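Encoded as structure tokens, the structure appears first; notes follow it.
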Amino acid sequence: MKKACNLCFHRCSLDEGQTGVCRARANRGGRIVPLGYGKVVSLALDPIEKKPLRRFRSGSMILSIGGFGCNLRCPFCQNHEISMAGESELNTEEVSPEELAALAERLAPRGNIGVAYTYNEPLICYEYVRDCAEAVRARGMANVLVTNGTIEEHAWRALLPLIDAANIDLKGFDPLWYRRLGGNLATVKRNIAIAAERCHVEVTTLVVPGGNDDEEQIRALAQWLASIDPEIPLHLSRFFPRFQMTDRDPTPVETVYRLADVARESLRYVYTGNC
């Protein structure tokens with residue numbers, strides 16, 4: 001019996017036993033279940049600036065957790081070893097929401113302020129993020145989300161009351177570019193606007209040569225962000241050849257700096273990464 005997953009715009013219609021585009025949600029017994037619930041691939045105590053968040057609790061550390069799978073198909077993915085993998089391809093460790101929250105609290109003496117859901121696309125395991133965020137919030141600690149923003153509005157609005165800060169990928173400002181990545185620009189724009197009303201938001205754009213490095217595209221992106229709030233920080237990061245996109249050189253440093261100056265025409269805080 002087919003069952004539709006309504007977590008993101010793909011709305012995968014899955015037969016019994018079939019797994020969705022994200023490789024992390026499946027039809028099991030007529031129910032859509034998160035295959036990665038409690039299954040952790042990566043766990044580390046990171047500086048908050050690594051998320052990247054530059055204007056939220058600067059100088060802090062945050063316990064960062066990741067699983068497997070993603071609902072986009074970026075050919076340049078920097079974490080493709082886990083984001084493009086399924087459950088059977090990786091070693092995972094079982095960590096319950098309460099265990100994660102307790103670990104976060106034990107790390108407080110080392111500067112930890114909470115938990116960041118990151119590395120792969122965390123929202124494809126929505127139920128785990130929600131349950132962990134509730135447990136972390138109950139201990140008075142912060143929840144940080146690093147996401148591609150590709151989630152349906154009902155689920156996004158339900159989760160945001162538990163989120164203190166988010167870094168959302170805005171992979172460009174061209175709908176055709178987004179379609180090439182398996183995404184939807186309108187969905188991400190909507191979710192950035194919603195999040196900016198409810199928590200601290202920063203935005204990251206990876207500058208890909210020949211993809212989204214056009215001045216006018218970055219100018220339009222920055223102007224749109226400024227229409228929400230000119231103080232939303234924008235991070236422009238360098239592309240490095242990875243995964244299925246090894247046919248071009250890294251983004252020239254001067255390109256990133258030039259585009260940062262373009263973005264600063266509209267935005268107060270623009271940061272350059274990996275330069």
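Quick note on naming: the chains in the structure tokens go A, B, ... in the order shown, residues restart at 1 in each chain, and ligands are numbered from 1 in order of appearance.
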
Mind checking which residues fall within 10 Å of A:Arg180, counting only C-alpha atoms, ignoring those fewer than 5 positions away in the same chain, and posting them as an mmCIF file with N, CA and C atoms, in the first residue's frame?
data_model
loop_
_atom_site.group_PDB
_atom_site.id
_atom_site.type_symbol
_atom_site.label_atom_id
_atom_site.label_comp_id
_atom_site.auth_asym_id
_atom_site.auth_seq_id
_atom_site.Cartn_x
_atom_site.Cartn_y
_atom_site.Cartn_z
ATOM 1 N N LEU A 72 18.306 16.904 -0.884
ATOM 2 C CA LEU A 72 18.809 17.549 -2.089
ATOM 3 C C LEU A 72 19.878 16.657 -2.711
ATOM 4 N N ARG A 73 20.317 17.024 -3.915
ATOM 5 C CA ARG A 73 21.319 16.236 -4.629
ATOM 6 C C ARG A 73 22.391 17.153 -5.207
ATOM 7 N N CYS A 74 22.992 17.961 -4.354
ATOM 8 C CA CYS A 74 24.011 18.902 -4.810
ATOM 9 C C CYS A 74 25.236 18.135 -5.309
ATOM 10 N N PRO A 75 25.634 18.331 -6.560
ATOM 11 C CA PRO A 75 26.788 17.588 -7.083
ATOM 12 C C PRO A 75 28.107 17.996 -6.449
ATOM 13 N N PRO A 175 15.882 29.924 -9.695
ATOM 14 C CA PRO A 175 15.075 28.699 -9.581
ATOM 15 C C PRO A 175 15.612 27.539 -10.415
#

Once you count only C-alpha atoms, what closest atom pair and distance in Å to one decimal does each residue of stretch 32-70 of chain A within 9 Å of stretch 107-126 of chain A have, with rows by chain and rising residue number, as a Markdown table?
| residue | atom | partner | partner_atom | distance |
| --- | --- | --- | --- | --- |
| A:Val33 | CA | A:Cys125 | CA | 8.9 |
| A:Pro34 | CA | A:Cys125 | CA | 5.5 |
| A:Leu35 | CA | A:Cys125 | CA | 7.7 |
| A:Gly36 | CA | A:Cys125 | CA | 6.2 |
| A:Tyr37 | CA | A:Cys125 | CA | 6.3 |
| A:Ser42 | CA | A:Tyr119 | CA | 7.5 |
| A:Leu45 | CA | A:Asn112 | CA | 7.5 |
| A:Asp46 | CA | A:Asn112 | CA | 8.7 |
| A:Pro47 | CA | A:Asn112 | CA | 8.9 |
| A:Ile48 | CA | A:Ala116 | CA | 8.7 |
| A:Lys51 | CA | A:Thr118 | CA | 7.8 |
| A:Arg57 | CA | A:Ile113 | CA | 8.4 |
| A:Gly59 | CA | A:Gly111 | CA | 8.6 |
| A:Ser60 | CA | A:Gly111 | CA | 5.8 |
| A:Met61 | CA | A:Asn112 | CA | 4.6 |
| A:Ile62 | CA | A:Asn112 | CA | 4.8 |
| A:Leu63 | CA | A:Val115 | CA | 4.8 |
| A:Ser64 | CA | A:Ala116 | CA | 4.6 |
| A:Ile65 | CA | A:Tyr117 | CA | 5.3 |
| A:Gly66 | CA | A:Tyr119 | CA | 5.1 |
| A:Gly67 | CA | A:Asn120 | CA | 6.1 |
| A:Phe68 | CA | A:Asn120 | CA | 5.9 |
| A:Gly69 | CA | A:Asn120 | CA | 6.3 |
| A:Cys70 | CA | A:Glu121 | CA | 5.0 |

Within stretch 31-104 of chain A, find each residue whose DSSP state, derived from the backbone, is helix (DSSP H, G or I), and express the selection as a PyMOL selection string. chain A and resi 48-50+80-83+87-89+97-104

Go ahead and dump the residues you just picked, N, CA, C and O atoms, as a PDB file, in the first residue's frame.
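Output file part-v6.pdb is given in full below:
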ATOM      1  N   ILE A  48      31.021  27.429  17.960  1.00  0.00           N
ATOM      2  CA  ILE A  48      29.767  27.864  17.362  1.00  0.00           C
ATOM      3  C   ILE A  48      30.019  28.526  16.005  1.00  0.00           C
ATOM      4  O   ILE A  48      29.187  28.437  15.091  1.00  0.00           O
ATOM      5  N   GLU A  49      31.191  29.155  15.845  1.00  0.00           N
ATOM      6  CA  GLU A  49      31.508  29.835  14.592  1.00  0.00           C
ATOM      7  C   GLU A  49      31.646  28.860  13.421  1.00  0.00           C
ATOM      8  O   GLU A  49      31.550  29.272  12.256  1.00  0.00           O
ATOM      9  N   LYS A  50      31.832  27.569  13.722  1.00  0.00           N
ATOM     10  CA  LYS A  50      32.016  26.582  12.656  1.00  0.00           C
ATOM     11  C   LYS A  50      30.699  26.216  11.985  1.00  0.00           C
ATOM     12  O   LYS A  50      30.688  25.605  10.921  1.00  0.00           O
ATOM     13  N   HIS A  80      29.370  14.607   1.269  1.00  0.00           N
ATOM     14  CA  HIS A  80      28.617  13.581   0.530  1.00  0.00           C
ATOM     15  C   HIS A  80      28.774  12.178   1.107  1.00  0.00           C
ATOM     16  O   HIS A  80      27.905  11.324   0.919  1.00  0.00           O
ATOM     17  N   GLU A  81      29.863  11.949   1.849  1.00  0.00           N
ATOM     18  CA  GLU A  81      30.065  10.600   2.405  1.00  0.00           C
ATOM     19  C   GLU A  81      28.921  10.190   3.324  1.00  0.00           C
ATOM     20  O   GLU A  81      28.612   9.011   3.448  1.00  0.00           O
ATOM     21  N   ILE A  82      28.301  11.171   3.991  1.00  0.00           N
ATOM     22  CA  ILE A  82      27.173  10.845   4.864  1.00  0.00           C
ATOM     23  C   ILE A  82      25.846  11.330   4.301  1.00  0.00           C
ATOM     24  O   ILE A  82      24.826  10.675   4.462  1.00  0.00           O
ATOM     25  N   SER A  83      25.870  12.462   3.601  1.00  0.00           N
ATOM     26  CA  SER A  83      24.598  13.008   3.117  1.00  0.00           C
ATOM     27  C   SER A  83      24.017  12.202   1.968  1.00  0.00           C
ATOM     28  O   SER A  83      22.797  12.172   1.774  1.00  0.00           O
ATOM     29  N   GLU A  87      21.295   4.010   5.296  1.00  0.00           N
ATOM     30  CA  GLU A  87      21.538   3.409   6.609  1.00  0.00           C
ATOM     31  C   GLU A  87      22.561   2.282   6.562  1.00  0.00           C
ATOM     32  O   GLU A  87      23.409   2.150   7.457  1.00  0.00           O
ATOM     33  N   SER A  88      22.515   1.450   5.521  1.00  0.00           N
ATOM     34  CA  SER A  88      23.364   0.257   5.472  1.00  0.00           C
ATOM     35  C   SER A  88      24.814   0.563   5.104  1.00  0.00           C
ATOM     36  O   SER A  88      25.680  -0.305   5.197  1.00  0.00           O
ATOM     37  N   GLU A  89      25.094   1.795   4.694  1.00  0.00           N
ATOM     38  CA  GLU A  89      26.425   2.137   4.203  1.00  0.00           C
ATOM     39  C   GLU A  89      27.320   2.764   5.254  1.00  0.00           C
ATOM     40  O   GLU A  89      28.488   3.060   4.983  1.00  0.00           O
ATOM     41  N   PRO A  97      17.288  10.739  22.563  1.00  0.00           N
ATOM     42  CA  PRO A  97      17.202  12.163  22.857  1.00  0.00           C
ATOM     43  C   PRO A  97      17.637  12.511  24.279  1.00  0.00           C
ATOM     44  O   PRO A  97      18.358  13.499  24.487  1.00  0.00           O
ATOM     45  N   GLU A  98      17.239  11.720  25.241  1.00  0.00           N
ATOM     46  CA  GLU A  98      17.608  12.012  26.624  1.00  0.00           C
ATOM     47  C   GLU A  98      19.110  11.820  26.838  1.00  0.00           C
ATOM     48  O   GLU A  98      19.751  12.591  27.562  1.00  0.00           O
ATOM     49  N   GLU A  99      19.692  10.802  26.204  1.00  0.00           N
ATOM     50  CA  GLU A  99      21.143  10.597  26.311  1.00  0.00           C
ATOM     51  C   GLU A  99      21.900  11.769  25.696  1.00  0.00           C
ATOM     52  O   GLU A  99      22.910  12.223  26.236  1.00  0.00           O
ATOM     53  N   LEU A 100      21.416  12.263  24.568  1.00  0.00           N
ATOM     54  CA  LEU A 100      22.066  13.399  23.930  1.00  0.00           C
ATOM     55  C   LEU A 100      21.991  14.642  24.805  1.00  0.00           C
ATOM     56  O   LEU A 100      22.985  15.354  24.983  1.00  0.00           O
ATOM     57  N   ALA A 101      20.821  14.908  25.359  1.00  0.00           N
ATOM     58  CA  ALA A 101      20.653  16.085  26.218  1.00  0.00           C
ATOM     59  C   ALA A 101      21.535  15.987  27.459  1.00  0.00           C
ATOM     60  O   ALA A 101      22.131  16.982  27.896  1.00  0.00           O
ATOM     61  N   ALA A 102      21.627  14.785  28.027  1.00  0.00           N
ATOM     62  CA  ALA A 102      22.468  14.603  29.211  1.00  0.00           C
ATOM     63  C   ALA A 102      23.942  14.820  28.880  1.00  0.00           C
ATOM     64  O   ALA A 102      24.690  15.425  29.657  1.00  0.00           O
ATOM     65  N   LEU A 103      24.364  14.341  27.706  1.00  0.00           N
ATOM     66  CA  LEU A 103      25.751  14.551  27.280  1.00  0.00           C
ATOM     67  C   LEU A 103      26.023  16.037  27.085  1.00  0.00           C
ATOM     68  O   LEU A 103      27.079  16.550  27.498  1.00  0.00           O
ATOM     69  N   ALA A 104      25.081  16.737  26.459  1.00  0.00           N
ATOM     70  CA  ALA A 104      25.245  18.178  26.260  1.00  0.00           C
ATOM     71  C   ALA A 104      25.438  18.889  27.596  1.00  0.00           C
ATOM     72  O   ALA A 104      26.300  19.771  27.732  1.00  0.00           O
TER      73      ALA A 104
END

Shortest interatomic distance to A:Asn167 - which of A:Glu197, A:Glu202, A:Glu216, A:Asp247, counting only C-alpha atoms: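 Among A:Glu197, A:Glu202, A:Glu216, A:Asp247, it is A:Glu202 that comes nearest to A:Asn167.
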
Would you pick out the contacts of A:Glu134 at 12 Å or less, using only C-alpha atoms, so that residues sharing its chain but fewer than 3 positions from it are not included, and give the list as an MDAnalysis selection string? chainID A and resid 97:98 100:101 114:115 127:131 137:143 158:164

Could you check which of A:Gly17, A:Gly149, A:Gly29, A:Gly172 is closest to A:Val188, using only C-alpha atoms?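 Nearest candidate to A:Val188 out of A:Gly17, A:Gly149, A:Gly29, A:Gly172: A:Gly149.
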
Measure the distance from atom CA of A:Trp156 to atom CA of A:Cys22 in Å and round it to one decimal.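 Atom CA of A:Cys22 lies at a distance of 17.2 Å from atom CA of A:Trp156.
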
Judged by only C-alpha atoms, the minimum distance to A:Gly38 among A:Asn79, A:Asn71, A:Thr92, A:Gln244 is found for A:Thr92

A:Thr205: which residues within 12 Å, counting only C-alpha atoms, same-chain residues fewer than 4 positions away excluded, as a PyMOL selection string? chain A and resi 52+147-148+167-173+211-213+217-218+221-222+233-239+256+259-260+263+270-273

Would you kindly return, as a PyMOL selection string, each protein, DNA or RNA residue with an atom no farther than 9 Å from any atom of A:Met245, considering only C-alpha atoms and excluding same-chain residues fewer than 5 positions away? chain A and resi 75-77+240

Once you have the residues from the selection above, write them out as a tab-separated table (two decimals), in the first residue's frame, restricted to N, CA and C atoms.
chain	number	residue	atom	x	y	z
A	75	PRO	N	25.63	18.33	-6.56
A	75	PRO	CA	26.79	17.59	-7.08
A	75	PRO	C	28.11	18.00	-6.45
A	76	PHE	N	28.11	19.12	-5.73
A	76	PHE	CA	29.33	19.62	-5.08
A	76	PHE	C	29.31	19.38	-3.58
A	77	CYS	N	28.44	18.52	-3.08
A	77	CYS	CA	28.26	18.34	-1.64
A	77	CYS	C	29.59	18.12	-0.92
A	240	PHE	N	35.02	24.05	-3.20
A	240	PHE	CA	36.18	23.22	-3.49
A	240	PHE	C	35.70	21.98	-4.23

Name all residues at most 8 Å from A:Val262 (count only C-alpha atoms; drop same-chain ones fewer than 3 positions away) and give them as a ChimeraX atom specification. /A:215,218-219,258-259,265-266
